[in-house]
Amino acid sequence: MPELPEVEVVRRGLDAYLPGRSIAGVSVLHARAIRRQRGGARALAAEIVGAHIETVSRRGKYLWCVVRPRSGSEPRALVMHLGMSGQLLLPALSTGTLRHGRVKFSLNADRDLWFVDQRTFGGVYTDDLVADDQHGSLPSSVEHIARDPLDPDFDERAFSRDLRRRGTGIKRALLDQSLVSGIGNIYADESLWRTRVHYDKPCATLSAAQVREMLDHVRDVMSQALDQGGTSFDSLYVNVNGESGYFDRSLDAYGRENQPCRRCGTAIRREPFMNRSSYRCPRCQRAPRQQV
DNA sequence: CTCATGCCCTGCTGGC
DNA sequence: TGCCAGCAGGGCATGA
């Protein structure tokens with residue numbers, strides 16, 4: 001559920017504190033949180049204790065710190081994913097143990113870095129850094145994640161071409177992180193409501209102009225959410241200081257079942273979709289004539 | 001290769 | 001009051 005705006009809020013919070021600091025210790029409090037770590041807790045500690053943190057980066061919903069184990073050594077990635085309930089918090093040392101705390105990083109500073117995750121879909125692990133398609137680097141496990149629509153290197157023409165070749169519905173495509181990243185259920189529904197398009201509209205039936213318009217809405221809604229510190233329905237989606245964003249007050253479709261569409265007044269509908277829910281206005285977003 | 005589905009997990013809510 | 005079903009859903013494995 002943390003999508004691009006929420007993850008970027010967290011990235012900025014980490015970027016304001018972590019670079020220049022060193023990792024003095026790591027405590028794994030829940031094994032599932034490091035299930036993607038090769039070699040388990042022992043290997044994680046061996047790799048990052050004593051490492052120097054250089055930068056905090058993001059690709060889609062993945063975050064990573066570039067860390068250097070020893071001066072002069074090759075940099076590594078400390079990858080972090082929030083899943084749907086993960087938090088990265090920088091509490092003062094005196095705060096004590098956090099509920100649902102899964103991994104604690106000691107920093108030899110006035111704060112620790114905690115990975116907290118109620119539903120344990122997220123996790124942290126180390127990974128190799130490889131060159132990306134431009135001039136930077138990214139963890140090898142993140143190579144399959146596409147750039148997001150706010151990324152300056154996002155290739156809009158290639159996206160439009162690839163999207164319209166997909167043999168599936170538009171929302172499935174928007175949620176496919178290997179086609180375009182950072183979009184989850186909330187911002188997919190919001191973008192489709194703004195574009196007045198039904199979630200099952202076949203990708204092949206979208207014109208290039210429609211894709212352009214939809215992409216503009218995707219960028220607008222995510223930028224607006226970012227400006228308001230992200231979306232929060234409950235206490236799960238918070239910045240590094242545990243504070244919620246305010247964008248949930250601005251949602252037009254997501255979570256508004258039976259409430260009037262802000263354009264036409266028709267009651268918003270919630271419908272099952274991919275074992276989840278889709279919210280749409282039945283009048284503004286008509287079902288496609290030919291189902292996928 | 002593309003596409004669809006099921007699973008992982010915990011806490012909260014609503015019905016009976 | 002307690003119990004249980006349903007729901008929240010990102011990413012990945014698997015099978016068609």
# chains A, B, ... in the order shown; residues from 1 in each chain; ligands from 1
$ residues_around --residues "DC8 (chain B)" --least-positions-apart "3" --cutoff "12 Å" --atoms "only C-alpha atoms (C1' of nucleotides)" --output "list in words"
Arg32, Arg35, Gly83, Arg119, Thr120, Phe121 and Gly122 of chain A; DG9, DG10, DG11, DC12 and DA13 of chain C
$ select_by_dssp --residues "region 36-277 of chain A" --states "strand (DSSP E)" --output "PyMOL selection string"
chain A and resi 52-59+62-68+76-81+86-89+101-106+113-117+123-127+129-131+137-139+269-273+276-277
$ atom_distance --atom1 "CA of Val28 (chain A)" --atom2 "CA of Gly13 (chain A)"
22.3 Å
$ closest_atom_pairs --of "chain A" --to "chain B" --cutoff "12 Å" --atoms "only C-alpha atoms (C1' of nucleotides)" --output "CSV"
residue,atom,partner,partner_atom,distance
A:Arg32,CA,B:DC9,C1',9.8
A:Ala33,CA,B:DC9,C1',11.2
A:Arg35,CA,B:DC8,C1',11.7
A:Gly83,CA,B:DC9,C1',10.8
A:Met84,CA,B:DC9,C1',10.3
A:Ser85,CA,B:DT10,C1',9.9
A:His100,CA,B:DT10,C1',10.0
A:Asp117,CA,B:DT10,C1',9.6
A:Gln118,CA,B:DT10,C1',6.2
A:Arg119,CA,B:DC9,C1',4.9
A:Thr120,CA,B:DC9,C1',5.8
A:Phe121,CA,B:DC9,C1',6.7
A:Gly122,CA,B:DC9,C1',10.1
A:Arg165,CA,B:DT2,C1',10.8
A:Arg166,CA,B:DT2,C1',8.4
A:Gly167,CA,B:DC3,C1',8.0
A:Thr168,CA,B:DC3,C1',7.7
A:Gly169,CA,B:DC3,C1',10.7
A:Arg172,CA,B:DC3,C1',10.0
A:Ala173,CA,B:DC3,C1',10.7
A:Asp176,CA,B:DC3,C1',11.3
A:Asp234,CA,B:DC12,C1',11.0
A:Leu236,CA,B:DG11,C1',11.3
A:Phe273,CA,B:DA4,C1',11.8
A:Met274,CA,B:DT5,C1',8.4
A:Asn275,CA,B:DT5,C1',9.1
A:Val292,CA,B:DC3,C1',11.5
$ write_last_selection --atoms "N, CA, C and O atoms" --output "short mmCIF file (atom, residue, chain, number, x, y, z; two decimals), in the first residue's frame"
data_model
loop_
_atom_site.label_atom_id
_atom_site.label_comp_id
_atom_site.auth_asym_id
_atom_site.auth_seq_id
_atom_site.Cartn_x
_atom_site.Cartn_y
_atom_site.Cartn_z
N ARG A 32 11.50 -13.56 9.20
CA ARG A 32 10.84 -13.38 7.90
C ARG A 32 11.22 -12.04 7.26
O ARG A 32 11.20 -11.90 6.04
N ALA A 33 11.59 -11.07 8.08
CA ALA A 33 11.94 -9.75 7.55
C ALA A 33 13.23 -9.78 6.72
O ALA A 33 13.48 -8.87 5.94
N ARG A 35 14.07 -12.62 4.83
CA ARG A 35 13.98 -13.87 4.07
C ARG A 35 14.69 -13.79 2.73
O ARG A 35 15.03 -14.81 2.14
N GLY A 83 6.70 -3.46 1.59
CA GLY A 83 5.56 -4.34 1.44
C GLY A 83 4.29 -3.55 1.58
O GLY A 83 4.13 -2.51 0.94
N MET A 84 3.36 -3.99 2.38
CA MET A 84 2.15 -3.19 2.54
C MET A 84 2.02 -2.56 3.92
O MET A 84 1.19 -1.68 4.11
N SER A 85 2.83 -2.94 4.86
CA SER A 85 2.68 -2.35 6.20
C SER A 85 4.03 -1.98 6.81
O SER A 85 4.11 -1.72 8.00
N HIS A 100 6.08 -4.54 16.69
CA HIS A 100 6.28 -5.04 15.33
C HIS A 100 7.64 -4.66 14.75
O HIS A 100 7.83 -4.71 13.53
N ASP A 117 7.21 -3.74 10.80
CA ASP A 117 6.31 -4.27 9.77
C ASP A 117 5.29 -5.23 10.37
O ASP A 117 5.60 -6.36 10.68
N GLN A 118 4.07 -4.75 10.50
CA GLN A 118 3.02 -5.58 11.10
C GLN A 118 2.77 -6.85 10.29
O GLN A 118 2.73 -7.94 10.83
N ARG A 119 2.54 -6.73 9.00
CA ARG A 119 2.10 -7.88 8.20
C ARG A 119 3.23 -8.64 7.51
O ARG A 119 2.98 -9.58 6.76
N THR A 120 4.43 -8.22 7.72
CA THR A 120 5.66 -8.92 7.27
C THR A 120 5.67 -9.27 5.78
O THR A 120 6.16 -10.31 5.38
N PHE A 121 5.14 -8.39 4.95
CA PHE A 121 5.30 -8.56 3.50
C PHE A 121 6.56 -7.86 3.02
O PHE A 121 7.03 -8.10 1.91
N GLY A 122 7.08 -6.97 3.82
CA GLY A 122 8.29 -6.25 3.45
C GLY A 122 9.53 -6.95 3.96
O GLY A 122 9.46 -8.05 4.52
N ARG A 165 0.57 -2.67 -26.47
CA ARG A 165 0.79 -4.04 -26.99
C ARG A 165 0.34 -5.09 -25.99
O ARG A 165 0.32 -6.28 -26.33
N ARG A 166 0.06 -4.67 -24.77
CA ARG A 166 -0.32 -5.65 -23.75
C ARG A 166 -1.69 -6.24 -24.04
O ARG A 166 -2.62 -5.52 -24.39
N GLY A 167 -1.80 -7.54 -23.85
CA GLY A 167 -3.07 -8.21 -24.08
C GLY A 167 -3.89 -8.33 -22.82
O GLY A 167 -4.45 -9.38 -22.52
N THR A 168 -3.96 -7.25 -22.05
CA THR A 168 -4.69 -7.31 -20.79
C THR A 168 -5.37 -5.97 -20.54
O THR A 168 -5.29 -5.06 -21.37
N GLY A 169 -6.04 -5.84 -19.39
CA GLY A 169 -6.74 -4.60 -19.07
C GLY A 169 -5.79 -3.54 -18.53
O GLY A 169 -4.68 -3.85 -18.07
N ARG A 172 -4.44 -3.77 -14.74
CA ARG A 172 -3.41 -4.80 -14.56
C ARG A 172 -2.07 -4.28 -15.05
O ARG A 172 -1.03 -4.53 -14.44
N ALA A 173 -2.08 -3.59 -16.18
CA ALA A 173 -0.84 -3.07 -16.76
C ALA A 173 -0.23 -1.99 -15.86
O ALA A 173 0.98 -1.96 -15.64
N ASP A 176 1.65 -3.44 -13.05
CA ASP A 176 2.81 -4.27 -13.39
C ASP A 176 4.08 -3.44 -13.25
O ASP A 176 4.38 -2.59 -14.09
N ASP A 234 -4.66 4.72 8.02
CA ASP A 234 -4.53 4.42 9.44
C ASP A 234 -3.08 4.73 9.80
O ASP A 234 -2.37 5.38 9.05
N LEU A 236 -0.53 3.06 9.63
CA LEU A 236 0.51 2.22 9.02
C LEU A 236 1.44 2.99 8.09
O LEU A 236 2.60 2.63 7.95
N PHE A 273 -11.43 -7.28 -7.78
CA PHE A 273 -10.49 -7.21 -8.90
C PHE A 273 -9.15 -7.78 -8.43
O PHE A 273 -8.56 -7.28 -7.49
N MET A 274 -8.69 -8.84 -9.07
CA MET A 274 -7.41 -9.46 -8.73
C MET A 274 -7.33 -9.77 -7.23
O MET A 274 -6.33 -9.45 -6.59
N ASN A 275 -8.38 -10.37 -6.68
CA ASN A 275 -8.43 -10.67 -5.25
C ASN A 275 -8.27 -9.44 -4.37
O ASN A 275 -7.82 -9.52 -3.24
N VAL A 292 -12.12 -8.01 -21.44
CA VAL A 292 -10.85 -8.70 -21.70
C VAL A 292 -10.96 -10.16 -21.33
O VAL A 292 -11.35 -10.47 -20.24
#
$ select_by_dssp --residues "region 171-240 of chain A" --states "alpha helix (DSSP H)" --output "PyMOL selection string"
chain A and resi 171-175+185-195+208-227
$ atom_distance --atom1 "CA of Gln228 (chain A)" --atom2 "CA of Val10 (chain A)"
13.0 Å
$ atom_distance --atom1 "CA of Arg289 (chain A)" --atom2 "CA of Val218 (chain A)"
24.4 Å
$ closest_residue --among "A:Val197, A:Ile48, A:Ile34, A:Ile186" --to "Val211 (chain A)" --atoms "only C-alpha atoms"
A:Val197
$ residues_around --residues "region 69-74 of chain A" --least-positions-apart "3" --cutoff "12 Å" --atoms "only C-alpha atoms (C1' of nucleotides)" --output "PyMOL selection string"
chain A and resi 22-24+44-54+65-66+77-78+126-130
$ write_last_selection --atoms "C-alpha atoms" --output "short mmCIF file (atom, residue, chain, number, x, y, z; two decimals), in the first residue's frame"
data_model
loop_
_atom_site.label_atom_id
_atom_site.label_comp_id
_atom_site.auth_asym_id
_atom_site.auth_seq_id
_atom_site.Cartn_x
_atom_site.Cartn_y
_atom_site.Cartn_z
CA SER A 22 28.04 4.18 9.87
CA ILE A 23 26.17 1.05 10.86
CA ALA A 24 27.40 -0.03 14.28
CA LEU A 44 23.68 -9.52 6.95
CA ALA A 45 25.64 -8.52 10.03
CA ALA A 46 28.96 -9.59 8.51
CA GLU A 47 28.30 -7.44 5.46
CA ILE A 48 27.01 -4.23 6.93
CA VAL A 49 28.32 -3.83 10.47
CA GLY A 50 31.00 -1.19 10.20
CA ALA A 51 29.79 -0.10 6.76
CA HIS A 52 29.55 3.55 5.82
CA ILE A 53 26.25 4.82 4.38
CA GLU A 54 26.70 6.96 1.28
CA CYS A 65 21.24 2.54 0.78
CA VAL A 66 24.55 2.43 -1.03
CA ALA A 77 23.24 -2.14 -1.60
CA LEU A 78 21.20 -2.45 1.57
CA THR A 126 21.96 -6.83 0.95
CA ASP A 127 22.59 -7.11 -2.76
CA ASP A 128 25.12 -6.47 -5.53
CA LEU A 129 25.03 -3.12 -7.29
CA VAL A 130 24.92 -3.25 -11.09
#
$ closest_residue --among "A:Asp200, A:Glu3, A:Asp189, A:Asp227" --to "chain C" --atoms "only C-alpha atoms (C1' of nucleotides)"
A:Glu3
$ closest_residue --among "A:Tyr187, A:Tyr279, A:Phe105, A:Trp193" --to "Asp248 (chain A)" --atoms "only C-alpha atoms"
A:Tyr187
$ decode --residues "chain B" --atoms "C-alpha atoms (C1' of nucleotides)" --output "PDB file, in the first residue's frame"
ATOM      1  C1'  DC B   1       7.705 -14.852 -23.781  1.00  0.00           C
ATOM      2  C1'  DT B   2       2.741 -13.228 -21.645  1.00  0.00           C
ATOM      3  C1'  DC B   3      -0.949 -13.629 -18.543  1.00  0.00           C
ATOM      4  C1'  DA B   4      -3.761 -15.198 -14.462  1.00  0.00           C
ATOM      5  C1'  DT B   5      -3.942 -17.021  -9.993  1.00  0.00           C
ATOM      6  C1'  DG B   6      -2.754 -18.261  -5.256  1.00  0.00           C
ATOM      7  C1'  DC B   7      -0.022 -17.585  -1.424  1.00  0.00           C
ATOM      8  C1'  DC B   8       2.485 -15.266   2.262  1.00  0.00           C
ATOM      9  C1'  DC B   9       1.101 -12.486   6.914  1.00  0.00           C
ATOM     10  C1'  DT B  10      -1.349  -9.924  11.089  1.00  0.00           C
ATOM     11  C1'  DG B  11      -4.748  -6.946  13.075  1.00  0.00           C
ATOM     12  C1'  DC B  12      -9.020  -5.023  12.810  1.00  0.00           C
ATOM     13  C1'  DT B  13     -14.069  -5.085  11.935  1.00  0.00           C
ATOM     14  C1'  DG B  14     -18.672  -6.794  11.620  1.00  0.00           C
ATOM     15  C1'  DG B  15     -22.086 -10.412  11.958  1.00  0.00           C
ATOM     16  C1'  DC B  16     -24.167 -13.823  14.801  1.00  0.00           C
TER      17       DC B  16
END
